[in-house]
file model.cif (mmCIF, C-alpha atoms)
data_run
#
loop_
_atom_site.label_atom_id
_atom_site.label_comp_id
_atom_site.auth_asym_id
_atom_site.auth_seq_id
_atom_site.Cartn_x
_atom_site.Cartn_y
_atom_site.Cartn_z
CA MET C 2 -112.28 20.75 -112.76
CA ARG C 3 -111.98 23.92 -114.85
CA ARG C 4 -108.54 24.62 -116.27
CA ILE C 5 -106.89 27.76 -115.01
CA LEU C 6 -105.41 28.73 -118.39
CA SER C 7 -108.60 28.27 -120.39
CA GLY C 8 -109.35 31.03 -122.87
CA ARG C 9 -112.81 31.65 -121.46
CA LEU C 10 -111.49 32.17 -117.95
CA ILE C 11 -108.71 34.53 -119.03
CA LEU C 12 -111.14 36.52 -121.16
CA TYR C 13 -113.49 36.79 -118.20
CA LEU C 14 -110.65 37.97 -115.95
CA PHE C 15 -109.85 40.78 -118.40
CA PHE C 16 -113.54 41.63 -118.64
CA ILE C 17 -113.90 42.08 -114.89
CA LEU C 18 -110.66 44.07 -114.80
CA ILE C 19 -112.20 46.55 -117.28
CA LEU C 20 -115.33 46.61 -115.12
CA ASP C 21 -113.19 47.42 -112.07
CA ILE C 22 -111.40 50.29 -113.82
CA CYS C 23 -114.25 51.86 -115.86
CA PHE C 24 -117.58 50.86 -114.29
CA MET C 25 -117.05 50.31 -110.58
CA PRO C 26 -116.14 54.02 -110.00
CA MET C 27 -119.65 54.82 -111.29
CA ILE C 28 -121.34 52.92 -108.47
CA ARG C 29 -119.07 53.98 -105.65
CA VAL C 30 -120.53 55.10 -102.34
CA GLY C 31 -118.47 58.01 -101.12
CA TRP C 32 -115.03 56.90 -102.21
CA VAL C 33 -115.71 53.18 -101.66
CA ARG C 34 -116.05 50.94 -104.70
CA PRO C 35 -116.22 47.16 -105.00
CA VAL C 36 -113.45 45.05 -106.50
CA LEU C 37 -114.91 42.27 -108.64
CA SER C 38 -111.49 40.78 -109.41
CA TYR C 39 -111.15 39.60 -105.83
CA LEU C 40 -114.60 37.97 -105.92
CA MET C 41 -113.43 35.78 -108.80
CA VAL C 42 -110.99 33.97 -106.52
CA VAL C 43 -113.73 33.51 -103.93
CA HIS C 44 -116.05 32.12 -106.60
CA ALA C 45 -113.43 29.59 -107.68
CA SER C 46 -112.96 28.43 -104.12
CA LEU C 47 -116.55 28.32 -102.91
CA LYS C 48 -118.56 27.59 -106.07
CA TRP C 49 -116.21 25.55 -108.20
CA GLY C 50 -114.76 23.77 -105.21
CA TRP C 51 -111.14 24.46 -106.10
CA GLN C 52 -108.98 23.29 -103.23
CA ARG C 53 -106.05 25.43 -104.26
CA THR C 54 -106.93 28.87 -105.62
CA TRP C 55 -103.50 30.44 -105.26
CA GLY C 56 -102.84 29.81 -108.95
CA LEU C 57 -105.89 31.83 -109.95
CA ALA C 58 -104.94 34.50 -107.41
CA LEU C 59 -101.47 34.67 -108.96
CA LEU C 60 -102.95 35.00 -112.44
CA MET C 61 -105.33 37.71 -111.24
CA GLY C 62 -102.41 39.57 -109.67
CA ILE C 63 -100.39 39.33 -112.90
CA ILE C 64 -103.32 40.83 -114.83
CA ARG C 65 -104.11 43.61 -112.33
CA GLU C 66 -100.67 44.82 -111.37
CA PRO C 67 -99.45 46.28 -114.68
CA VAL C 68 -102.40 48.72 -114.74
CA GLY C 69 -102.13 49.63 -111.08
CA VAL C 70 -99.83 51.97 -109.23
CA GLN C 71 -98.54 49.68 -106.52
CA PRO C 72 -95.04 48.24 -106.88
CA ILE C 73 -94.90 45.09 -108.98
CA GLY C 74 -95.37 42.01 -106.86
CA VAL C 75 -97.20 43.57 -103.92
CA GLU C 76 -100.80 42.88 -104.93
CA MET C 77 -99.85 39.50 -106.37
CA THR C 78 -98.27 38.44 -103.10
CA ALA C 79 -101.20 39.75 -101.08
CA LEU C 80 -103.69 37.90 -103.32
CA VAL C 81 -101.80 34.62 -103.11
CA THR C 82 -101.40 34.85 -99.33
CA ALA C 83 -105.09 35.63 -98.88
CA ALA C 84 -105.95 32.76 -101.25
CA LEU C 85 -104.02 30.34 -99.02
CA VAL C 86 -106.05 31.55 -96.04
CA LEU C 87 -109.26 31.22 -98.09
CA ASP C 88 -108.37 27.66 -99.13
CA PHE C 89 -107.81 26.72 -95.50
CA SER C 90 -111.10 28.32 -94.43
CA ALA C 91 -113.06 26.68 -97.26
CA HIS C 92 -111.64 23.32 -96.23
CA LYS C 93 -112.49 23.79 -92.56
CA PHE C 94 -115.89 25.52 -92.68
CA GLU C 95 -119.18 24.57 -94.25
CA HIS C 96 -119.93 27.19 -96.90
CA LYS C 97 -123.19 26.25 -98.61
CA SER C 98 -125.05 29.16 -96.99
CA ALA C 99 -125.02 32.47 -98.86
CA VAL C 100 -124.32 34.32 -95.61
CA ILE C 101 -121.21 32.23 -94.93
CA GLN C 102 -120.04 32.80 -98.49
CA ALA C 103 -120.48 36.57 -98.09
CA VAL C 104 -118.56 36.48 -94.80
CA MET C 105 -115.72 34.53 -96.38
CA ALA C 106 -115.66 36.95 -99.31
CA TYR C 107 -115.50 39.85 -96.85
CA CYS C 108 -112.58 38.27 -94.99
CA PHE C 109 -110.75 37.52 -98.22
CA VAL C 110 -111.05 41.07 -99.60
CA LEU C 111 -110.06 42.54 -96.22
CA CYS C 112 -107.00 40.27 -96.06
CA VAL C 113 -105.90 41.34 -99.54
CA CYS C 114 -106.25 45.05 -98.69
CA VAL C 115 -104.43 44.76 -95.35
CA PHE C 116 -101.64 42.55 -96.72
CA SER C 117 -101.15 44.98 -99.64
CA ALA C 118 -100.89 47.92 -97.26
CA ILE C 119 -98.38 46.11 -95.03
CA LEU C 120 -96.25 44.95 -97.96
CA GLU C 121 -96.25 48.44 -99.45
CA VAL C 122 -94.96 49.86 -96.17
CA MET C 123 -92.18 47.23 -96.12
CA ILE C 124 -91.17 47.73 -99.75
CA VAL C 125 -91.63 51.44 -100.53
CA PRO C 126 -89.17 53.79 -98.82
CA ASP C 127 -90.61 56.61 -96.64
CA ARG C 128 -94.02 54.99 -96.49
CA THR C 129 -95.60 54.66 -93.05
CA LEU C 130 -98.43 52.39 -92.01
CA GLU C 131 -101.59 54.44 -91.56
CA TRP C 132 -105.14 53.61 -90.68
CA HIS C 133 -106.62 54.90 -93.90
CA PRO C 134 -105.86 51.81 -96.07
CA VAL C 135 -107.23 49.58 -93.32
CA THR C 136 -110.49 51.52 -92.96
CA ALA C 137 -110.77 51.78 -96.74
CA GLY C 138 -110.19 48.01 -96.91
CA ILE C 139 -112.98 47.35 -94.37
CA LYS C 140 -115.48 49.45 -96.33
CA THR C 141 -114.35 47.97 -99.66
CA ALA C 142 -114.68 44.45 -98.28
CA LEU C 143 -118.21 45.20 -97.03
CA TYR C 144 -119.34 46.63 -100.35
CA THR C 145 -117.68 43.83 -102.33
CA ALA C 146 -119.18 41.11 -100.15
CA ALA C 147 -122.62 42.66 -100.67
CA LEU C 148 -122.25 42.04 -104.42
CA CYS C 149 -121.45 38.34 -103.90
CA PRO C 150 -124.84 36.89 -104.85
CA ALA C 151 -125.09 38.92 -108.07
CA PHE C 152 -121.49 38.24 -109.07
CA PHE C 153 -121.74 34.49 -108.39
CA TYR C 154 -124.96 34.32 -110.39
CA PHE C 155 -123.57 36.10 -113.46
CA THR C 156 -120.29 34.20 -113.33
CA ALA C 157 -122.16 30.91 -113.20
CA ARG C 158 -124.18 32.01 -116.24
CA TRP C 159 -121.00 33.04 -118.12
CA PHE C 160 -119.34 29.68 -117.53
CA GLU C 161 -122.64 27.78 -117.92
CA ASP C 162 -122.14 26.06 -114.60
CA ARG C 163 -124.67 23.36 -113.91
CA PRO C 164 -125.57 22.27 -110.38
CA ARG C 165 -123.94 19.03 -109.47
CA THR C 166 -126.44 16.20 -109.46
CA ARG C 167 -126.09 12.72 -108.16
CA GLN C 168 -127.21 9.74 -110.04
CA PHE C 169 -128.13 6.61 -108.25
CA GLU C 170 -127.89 3.42 -110.18
CA LEU C 171 -130.78 1.30 -108.97
CA PHE C 172 -129.99 -1.70 -111.12
CA ASP C 173 -126.58 -2.98 -112.04
CA TYR C 174 -126.78 -3.69 -115.79
CA SER C 175 -123.15 -4.66 -116.11
CA GLN C 176 -123.89 -8.31 -115.12
CA ASN C 177 -126.25 -8.91 -118.10
CA MET W 29 -99.83 10.43 -96.42
CA ARG W 30 -99.18 13.33 -98.74
CA PRO W 31 -96.29 15.46 -97.50
CA ARG W 32 -97.29 18.90 -96.25
CA ARG W 33 -96.22 21.70 -98.52
CA PRO W 34 -93.85 24.09 -96.78
CA TYR W 35 -95.89 27.23 -97.44
CA TYR W 36 -93.62 29.24 -95.15
CA LEU W 37 -90.89 28.90 -97.82
CA PHE W 38 -93.14 31.02 -100.01
CA ALA W 39 -92.67 33.95 -97.60
CA VAL W 40 -88.92 33.31 -97.28
CA PHE W 41 -88.38 33.62 -101.02
CA VAL W 42 -91.05 36.17 -101.91
CA LEU W 43 -89.95 39.09 -99.73
CA PRO W 44 -86.35 39.20 -101.04
CA ALA W 45 -87.76 38.95 -104.56
CA LEU W 46 -90.02 41.93 -103.90
CA PHE W 47 -87.09 43.97 -102.59
CA ALA W 48 -85.01 43.02 -105.64
CA LEU W 49 -87.84 44.06 -107.99
CA GLN W 50 -88.08 47.40 -106.21
CA LYS W 51 -84.30 47.95 -106.46
CA TYR W 52 -84.21 47.53 -110.23
CA GLN W 53 -87.27 49.81 -110.63
CA ILE W 54 -89.08 47.74 -113.20
CA SER W 55 -92.56 48.72 -111.96
CA ASP W 56 -92.89 51.96 -113.96
CA PRO W 57 -91.87 50.68 -117.43
CA VAL W 58 -94.03 47.56 -117.05
CA GLN W 59 -97.07 49.57 -115.94
CA ILE W 60 -96.59 52.13 -118.73
CA MET W 61 -96.37 49.38 -121.34
CA ALA W 62 -99.39 47.51 -120.00
CA LEU W 63 -101.57 50.66 -119.98
CA SER W 64 -100.60 51.43 -123.57
CA VAL W 65 -101.65 47.93 -124.60
CA ILE W 66 -105.08 47.97 -122.93
CA LYS W 67 -105.86 51.62 -123.70
CA PRO W 68 -108.43 50.74 -126.46
CA LEU W 69 -110.37 48.55 -123.99
CA LEU W 70 -110.36 51.32 -121.41
CA VAL W 71 -111.59 53.88 -123.97
CA VAL W 72 -114.48 51.60 -124.96
CA GLY W 73 -115.27 50.89 -121.32
CA GLU W 74 -115.25 54.56 -120.42
CA SER W 75 -117.52 55.45 -123.36
CA ALA W 76 -120.02 52.82 -122.26
CA SER W 77 -119.94 53.90 -118.64
CA SER W 78 -120.32 57.59 -119.60
CA ALA W 79 -123.33 56.75 -121.76
CA LEU W 80 -124.95 54.79 -118.92
CA SER W 81 -124.22 57.60 -116.50
CA ARG W 82 -125.69 60.24 -118.84
CA ILE W 83 -128.89 58.24 -119.38
CA GLY W 84 -129.32 57.83 -115.65
CA SER W 85 -128.66 61.45 -114.77
CA THR W 86 -130.81 62.76 -117.64
CA ALA W 87 -133.81 60.74 -116.54
CA PHE W 88 -133.27 61.75 -112.94
CA ARG W 89 -133.03 65.47 -113.69
CA PHE W 90 -135.86 65.70 -116.19
CA TRP W 91 -138.60 66.21 -113.59
CA ASP W 92 -136.51 68.73 -111.65
CA ALA W 93 -135.82 70.71 -114.81
CA VAL W 94 -139.52 71.23 -115.54
CA SER W 95 -140.23 72.68 -112.10
CA GLN W 96 -137.13 74.84 -112.04
CA TYR W 97 -137.71 76.55 -115.39
CA ASP W 98 -139.07 79.82 -113.98
CA ALA W 99 -136.40 80.10 -111.31
CA MET W 100 -133.73 79.46 -113.93
CA LYS W 101 -135.10 82.22 -116.15
CA GLN W 102 -134.73 84.77 -113.37
CA GLN W 103 -131.26 83.48 -112.54
CA VAL W 104 -130.17 83.87 -116.15
CA ALA W 105 -131.24 87.52 -116.11
CA VAL W 106 -129.21 88.16 -112.93
CA LEU W 107 -126.18 86.38 -114.35
CA GLU W 108 -126.33 88.34 -117.56
CA SER W 109 -126.04 91.59 -115.65
CA LYS W 110 -123.14 90.18 -113.66
CA VAL W 111 -121.37 89.18 -116.87
CA MET W 112 -121.62 92.78 -118.05
CA GLN W 113 -120.10 94.00 -114.79
CA THR W 114 -117.33 91.42 -115.08
CA GLN W 115 -116.53 92.53 -118.58
CA GLU W 116 -116.19 96.10 -117.37
CA LEU W 117 -113.88 94.98 -114.56
CA GLU W 118 -111.87 93.03 -117.09
CA ARG W 119 -111.36 96.12 -119.22
CA GLU W 120 -110.29 98.06 -116.15
CA ASN W 121 -107.87 95.27 -115.25
CA VAL W 122 -106.32 95.44 -118.72
CA ARG W 123 -105.70 99.14 -118.33
CA LEU W 124 -104.17 98.79 -114.86
CA LYS W 125 -101.92 95.95 -115.93
CA LYS W 126 -100.60 97.98 -118.81
CA LEU W 127 -99.85 100.76 -116.41
CA LEU W 128 -97.85 98.44 -114.15
CA ASP W 129 -96.06 96.90 -117.17
CA PHE W 130 -97.29 93.39 -116.48
CA ARG W 131 -97.68 90.85 -119.22
CA ASP W 132 -101.37 90.22 -119.92
CA SER W 133 -101.38 86.50 -120.27
CA LEU W 134 -98.80 83.86 -119.54
CA LYS W 135 -98.30 81.49 -122.44
CA VAL W 136 -98.09 77.99 -121.04
CA ARG W 137 -98.20 74.71 -122.91
CA SER W 138 -101.43 72.82 -122.29
CA VAL W 139 -102.98 69.57 -123.47
CA SER W 140 -106.59 68.50 -122.98
CA ALA W 141 -107.30 64.91 -122.02
CA ARG W 142 -110.19 62.66 -121.03
CA VAL W 143 -110.44 60.41 -117.99
CA ILE W 144 -110.86 56.82 -119.15
CA GLY W 145 -110.51 54.97 -115.87
CA TRP W 146 -109.48 54.93 -112.24
CA ASP W 147 -106.63 53.05 -110.63
CA PRO W 148 -107.84 49.58 -109.57
CA SER W 149 -106.50 49.96 -106.00
CA PRO W 150 -109.49 50.65 -103.74
CA TRP W 151 -107.87 53.41 -101.65
CA ARG W 152 -105.88 55.33 -104.27
CA LYS W 153 -107.28 58.40 -106.02
CA ILE W 154 -105.48 58.15 -109.35
CA VAL W 155 -107.08 58.60 -112.75
CA ILE W 156 -106.00 57.26 -116.13
CA LEU W 157 -105.98 59.78 -118.99
CA ASP W 158 -106.32 58.96 -122.67
CA LYS W 159 -103.23 60.92 -123.78
CA GLY W 160 -99.51 60.47 -123.19
CA THR W 161 -96.08 61.70 -124.21
CA ARG W 162 -97.00 61.35 -127.86
CA HIS W 163 -99.63 64.08 -127.37
CA GLY W 164 -97.37 66.39 -125.37
CA ILE W 165 -98.09 65.27 -121.80
CA GLN W 166 -95.09 65.02 -119.51
CA LYS W 167 -94.48 64.02 -115.94
CA ASP W 168 -95.25 66.68 -113.29
CA MET W 169 -97.62 68.70 -115.47
CA ALA W 170 -100.41 70.28 -113.45
CA VAL W 171 -103.88 68.83 -114.11
CA ILE W 172 -106.71 71.34 -113.87
CA VAL W 173 -110.41 71.62 -114.61
CA VAL W 174 -112.52 74.75 -115.07
CA GLU W 175 -113.10 75.01 -111.31
CA GLY W 176 -109.46 74.67 -110.28
CA LEU W 177 -106.50 72.41 -109.64
CA ILE W 178 -107.11 68.67 -109.25
CA GLY W 179 -103.67 67.07 -109.35
CA ARG W 180 -100.53 66.38 -111.36
CA ILE W 181 -99.22 63.88 -113.89
CA PHE W 182 -97.04 61.37 -112.10
CA ASN W 183 -96.61 58.74 -114.81
CA ALA W 184 -96.72 59.36 -118.56
CA GLY W 185 -96.48 56.67 -121.23
CA PRO W 186 -96.66 57.10 -124.98
CA GLU W 187 -100.46 56.60 -125.20
CA THR W 188 -101.79 57.07 -121.69
CA SER W 189 -100.84 58.82 -118.50
CA LYS W 190 -101.80 58.71 -114.85
CA ALA W 191 -102.72 61.72 -112.76
CA ILE W 192 -102.54 61.62 -108.99
CA LEU W 193 -105.33 63.71 -107.48
CA LEU W 194 -104.76 66.19 -104.68
CA ILE W 195 -107.09 64.17 -102.42
CA ASP W 196 -104.88 61.09 -102.75
CA ILE W 197 -102.75 60.20 -99.78
CA ASP W 198 -99.66 61.14 -101.80
CA GLY W 199 -101.21 64.24 -103.40
CA ARG W 200 -99.42 67.52 -102.49
CA ALA W 201 -99.25 71.11 -103.74
CA SER W 202 -97.55 74.13 -102.25
CA ALA W 203 -100.19 76.79 -101.76
CA LEU W 204 -100.98 80.13 -100.22
CA ALA W 205 -104.08 81.93 -99.01
CA ASP W 206 -104.93 84.78 -101.36
CA ASN W 207 -105.61 87.52 -98.77
CA SER W 208 -103.23 86.79 -95.91
CA ARG W 209 -100.56 85.24 -98.23
CA ALA W 210 -100.06 82.50 -95.63
CA GLN W 211 -98.06 79.68 -97.15
CA GLY W 212 -98.58 76.00 -96.59
CA ALA W 213 -98.95 72.64 -98.31
CA VAL W 214 -102.32 71.40 -99.52
CA GLY W 215 -102.76 67.67 -99.63
CA GLY W 216 -105.17 64.82 -99.13
CA ASP W 217 -105.39 62.15 -96.50
CA GLY W 218 -106.92 59.56 -98.78
CA THR W 219 -110.47 60.02 -97.47
CA GLY W 220 -111.51 62.56 -100.10
CA THR W 221 -110.85 65.75 -98.10
CA LEU W 222 -108.15 68.40 -98.49
CA SER W 223 -106.19 70.13 -95.79
CA MET W 224 -103.61 72.91 -95.79
CA ARG W 225 -100.81 72.09 -93.39
CA TYR W 226 -97.74 73.75 -91.91
CA LEU W 227 -99.31 77.21 -91.61
CA ASN W 228 -97.46 79.42 -89.20
CA LEU W 229 -99.26 80.24 -85.97
CA ASP W 230 -99.09 83.97 -86.81
CA SER W 231 -99.84 83.52 -90.52
CA GLY W 232 -103.14 85.37 -90.34
CA ALA W 233 -105.00 82.79 -92.40
CA ALA W 234 -108.75 83.14 -92.00
CA VAL W 235 -111.85 81.07 -92.71
CA GLY W 236 -113.32 81.86 -96.12
CA GLU W 237 -110.03 82.70 -97.82
CA THR W 238 -109.37 81.25 -101.23
CA VAL W 239 -106.36 78.96 -101.49
CA ILE W 240 -104.26 79.12 -104.66
CA THR W 241 -101.03 77.49 -105.82
CA SER W 242 -97.92 79.38 -104.75
CA GLY W 243 -95.65 78.24 -107.59
CA ILE W 244 -92.98 77.10 -105.11
CA GLY W 245 -91.30 73.91 -106.21
CA GLY W 246 -91.82 74.53 -109.91
CA VAL W 247 -94.46 71.83 -110.37
CA PHE W 248 -97.64 73.91 -110.35
CA PRO W 249 -97.91 77.33 -112.01
CA LYS W 250 -98.68 80.12 -109.57
CA GLY W 251 -102.23 81.34 -109.11
CA ILE W 252 -104.34 78.26 -109.86
CA ARG W 253 -107.39 78.06 -107.59
CA ILE W 254 -107.60 75.10 -105.25
CA GLY W 255 -110.40 75.72 -102.73
CA LYS W 256 -111.72 77.70 -99.81
CA ILE W 257 -110.66 77.48 -96.16
CA GLU W 258 -113.49 76.09 -94.00
CA THR W 259 -111.93 75.61 -90.57
CA ILE W 260 -108.57 76.29 -88.95
CA SER W 261 -107.11 74.46 -85.98
CA ARG W 262 -103.78 73.57 -84.43
CA ASP W 263 -102.15 70.39 -85.66
CA GLU W 264 -101.13 67.49 -83.39
CA THR W 265 -97.76 68.97 -82.58
CA GLY W 266 -99.20 72.39 -81.69
CA LEU W 267 -96.48 74.11 -83.70
CA HIS W 268 -98.48 74.81 -86.83
CA LEU W 269 -102.02 75.45 -87.96
CA THR W 270 -103.97 73.12 -90.18
CA ALA W 271 -106.85 74.35 -92.33
CA ALA W 272 -109.58 72.18 -93.82
CA VAL W 273 -110.02 73.20 -97.46
CA ARG W 274 -113.16 72.65 -99.49
CA ALA W 275 -112.00 72.10 -103.06
CA PHE W 276 -113.65 74.02 -105.88
CA ALA W 277 -113.35 71.04 -108.20
CA ASP W 278 -115.67 68.06 -107.78
CA PHE W 279 -113.24 65.13 -107.77
CA LYS W 280 -116.03 62.59 -108.24
CA LYS W 281 -117.17 64.09 -111.53
CA ILE W 282 -113.94 64.52 -113.45
CA GLU W 283 -114.36 63.83 -117.15
CA GLU W 284 -112.23 66.23 -119.21
CA VAL W 285 -109.07 67.83 -117.84
CA LEU W 286 -106.36 70.20 -118.98
CA CYS W 287 -102.70 69.32 -118.42
CA VAL W 288 -100.65 72.49 -118.03
CA ALA W 289 -96.88 72.84 -118.14
CA SER W 290 -95.25 74.61 -115.22
CA TYR W 291 -93.17 76.98 -117.28
CA PRO W 292 -94.17 79.33 -120.10
CA GLU W 293 -93.55 78.41 -123.71
CA GLY W 294 -90.74 79.92 -125.72
#
call {"tool": "encode", "arguments": {"input": "model.cif", "output": "structure tokens"}}
result
Amino acid sequence: MRRILSGRLILYLFFILILDICFMPMIRVGWVRPVLSYLMVVHASLKWGWQRTWGLALLMGIIREPVGVQPIGVEMTALVTAALVLDFSAHKFEHKSAVIQAVMAYCFVLCVCVFSAILEVMIVPDRTLEWHPVTAGIKTALYTAALCPAFFYFTARWFEDRPRTRQFELFDYSQN
Amino acid sequence: MRPRRPYYLFAVFVLPALFALQKYQISDPVQIMALSVIKPLLVVGESASSALSRIGSTAFRFWDAVSQYDAMKQQVAVLESKVMQTQELERENVRLKKLLDFRDSLKVRSVSARVIGWDPSPWRKIVILDKGTRHGIQKDMAVIVVEGLIGRIFNAGPETSKAILLIDIDGRASALADNSRAQGAVGGDGTGTLSMRYLNLDSGAAVGETVITSGIGGVFPKGIRIGKIETISRDETGLHLTAAVRAFADFKKIEEVLCVASYPEG
């Protein structure tokens, strides 16, 4: 299983953070842009088979929050909470199909956006819960889920993931 | 059997921790420091994305440019005559202002900056600029482009600063309509549109009027263009009018901005 504090993974997390800040605004539709950082957690859960992704979600939150504008701790908490839900879903549902993976990515991104909005209302004084973050979260989740296949492909190439193969030993040579 | 982890304890401890973090206000210094550290990466990223964007738009517009050459030539001739008329009006304005004993130009401190990124939150309209307090940018400076006002500086570090756009859910500017002098507050609702709120029912605001900053509050200098009124209707309470404002500035294509101090120099 891949280590969470490996240099390659942390470098990749910073790389996709720069993509989120500098390049994703270029490909926005209206005011909706995808968030690749959230897809990384989904990739770890669905493609690498991590049973607990809250550690990666926490690390992603620690990297993203200092450059954001939300209060410290809000996005981190939302990511970790959504990761717990994702872990449960990945354990319960079959997720080999690309469509199922996209649906789970959509649900994960939507959970993060909604949890962030709710936590911000609870933490920040004079902030009221409005529909705009929820509708923005729905559109962002749709756009982000649509990029799942491309993101999973390039991430697999970056980490040189090989498909798991099974070897069947036809003859037991240990007795000779 | 492995004992079940009490995940609910996570929520019991996390929420008080979040409240404590908010109380000691450590968000701003941490965010300022982090932006200063990753500024070089953002500058490189922005340069690459600008180059990609320019290549794409150049290729796309090449074929249009060839067919529009003749029309553009005629338009240039019309514009040149308008420039001459404008220059004449400007000279007349100078004379009239001298007569009224007005100062010709207000000296305000200004700093130019480049947009190097956008806030990572999907629903916020906040841009990251490549200059900070070291270059003369301070909190609450107005941020403008050639077309008009786009926002204000709400967080300034030594190397970078963040500007909240008017179309952001927290973007606000006190404004008035230039003809009727109706006063209100222009702000965004987070969806990319502007509206002017809290207009009096008998304010006389009309469709087509230009909205400018009123200078009330001391954040934005008076007289900066914001947009044009498109529609006017009563708000939910029925006590005020709300006007939809079409901004002069294109918020999706912000590249270079000017940060202007509210008060004159000297």
call {"tool": "closest_residue", "arguments": {"input": "model.cif", "among": "C:Cys23, C:Val135, C:Ile119, C:Leu14", "to": "chain W", "atoms": "all atoms listed in the file"}}
result
C:Cys23
call {"tool": "atom_distance", "arguments": {"input": "model.cif", "atom1": "CA of Met224 in chain W", "atom2": "CA of Gly255 in chain W"}}
result
10.1 Å
call {"tool": "residues_around", "arguments": {"input": "model.cif", "residues": "Ser231 in chain W", "least_positions_apart": "5", "cutoff": "9 Å", "atoms": "all atoms listed in the file", "output": "MDAnalysis selection string"}}
result
chainID W and resid 208:211 269
call {"tool": "write_last_selection", "arguments": {"input": "model.cif", "atoms": "C-alpha atoms", "output": "PDB file, keeping the file's coordinate frame"}}
result
ATOM      1  CA  SER W 208    -103.230  86.790 -95.910  1.00  0.00           C
ATOM      2  CA  ARG W 209    -100.560  85.240 -98.230  1.00  0.00           C
ATOM      3  CA  ALA W 210    -100.060  82.500 -95.630  1.00  0.00           C
ATOM      4  CA  GLN W 211     -98.060  79.680 -97.150  1.00  0.00           C
ATOM      5  CA  LEU W 269    -102.020  75.450 -87.960  1.00  0.00           C
TER       6      LEU W 269
END
call {"tool": "residues_around", "arguments": {"input": "model.cif", "residues": "range 190-197 of chain W", "least_positions_apart": "3", "cutoff": "6 Å", "atoms": "all atoms listed in the file", "output": "list in words"}}
result
Lys153, Ile154, Val155, Ile156, Leu157, Ile178, Gly179, Arg180, Ile181, Phe182, Asn183, Arg200, Gly215, Gly216, Asp217, Gly218, Gly220, Thr221 and Leu222 of chain W
call {"tool": "closest_atom_pairs", "arguments": {"input": "model.cif", "of": "range 96-187 of chain W", "to": "range 272-284 of chain W", "cutoff": "8 Å", "atoms": "all atoms listed in the file", "output": "tab-separated table"}}
result
residue	atom	partner	partner_atom	distance
W:Ser140	CA	W:Glu284	CA	7.2
W:Ala141	CA	W:Glu284	CA	5.8
W:Arg142	CA	W:Glu284	CA	4.5
W:Val143	CA	W:Glu283	CA	5.3
W:Val173	CA	W:Ala277	CA	7.1
W:Val174	CA	W:Ala277	CA	7.9
W:Glu175	CA	W:Ala277	CA	5.0
W:Gly176	CA	W:Ala277	CA	5.7
W:Leu177	CA	W:Ala277	CA	7.1
W:Ile178	CA	W:Ala277	CA	6.8
call {"tool": "write_last_selection", "arguments": {"input": "model.cif", "atoms": "C-alpha atoms", "output": "PDB file, keeping the file's coordinate frame"}}
result
ATOM      1  CA  SER W 140    -106.590  68.500-122.980  1.00  0.00           C
ATOM      2  CA  ALA W 141    -107.300  64.910-122.020  1.00  0.00           C
ATOM      3  CA  ARG W 142    -110.190  62.660-121.030  1.00  0.00           C
ATOM      4  CA  VAL W 143    -110.440  60.410-117.990  1.00  0.00           C
ATOM      5  CA  VAL W 173    -110.410  71.620-114.610  1.00  0.00           C
ATOM      6  CA  VAL W 174    -112.520  74.750-115.070  1.00  0.00           C
ATOM      7  CA  GLU W 175    -113.100  75.010-111.310  1.00  0.00           C
ATOM      8  CA  GLY W 176    -109.460  74.670-110.280  1.00  0.00           C
ATOM      9  CA  LEU W 177    -106.500  72.410-109.640  1.00  0.00           C
ATOM     10  CA  ILE W 178    -107.110  68.670-109.250  1.00  0.00           C
TER      11      ILE W 178
END
call {"tool": "interface_residues", "arguments": {"input": "model.cif", "of": "chain W", "to": "chain C", "cutoff": "6 Å", "atoms": "only C-alpha atoms", "output": "PyMOL selection string"}}
result
chain W and resi 55+59+62-63+73-74+77+145-148+151
call {"tool": "write_last_selection", "arguments": {"input": "model.cif", "atoms": "C-alpha atoms", "output": "compact mmCIF listing (two decimals), keeping the file's coordinate frame"}}
result
# COMPACT_ATOMS: atom_id res chain seq x y z
CA SER W 55 -92.56 48.72 -111.96
CA GLN W 59 -97.07 49.57 -115.94
CA ALA W 62 -99.39 47.51 -120.00
CA LEU W 63 -101.57 50.66 -119.98
CA GLY W 73 -115.27 50.89 -121.32
CA GLU W 74 -115.25 54.56 -120.42
CA SER W 77 -119.94 53.90 -118.64
CA GLY W 145 -110.51 54.97 -115.87
CA TRP W 146 -109.48 54.93 -112.24
CA ASP W 147 -106.63 53.05 -110.63
CA PRO W 148 -107.84 49.58 -109.57
CA TRP W 151 -107.87 53.41 -101.65
call {"tool": "closest_residue", "arguments": {"input": "model.cif", "among": "C:Ile17, C:Ile11, C:Leu130, C:Leu59", "to": "Leu37 in chain C", "atoms": "only C-alpha atoms"}}
result
C:Ile17
call {"tool": "atom_distance", "arguments": {"input": "model.cif", "atom1": "CA of Leu12 in chain C", "atom2": "CA of Phe153 in chain C"}}
result
16.7 Å
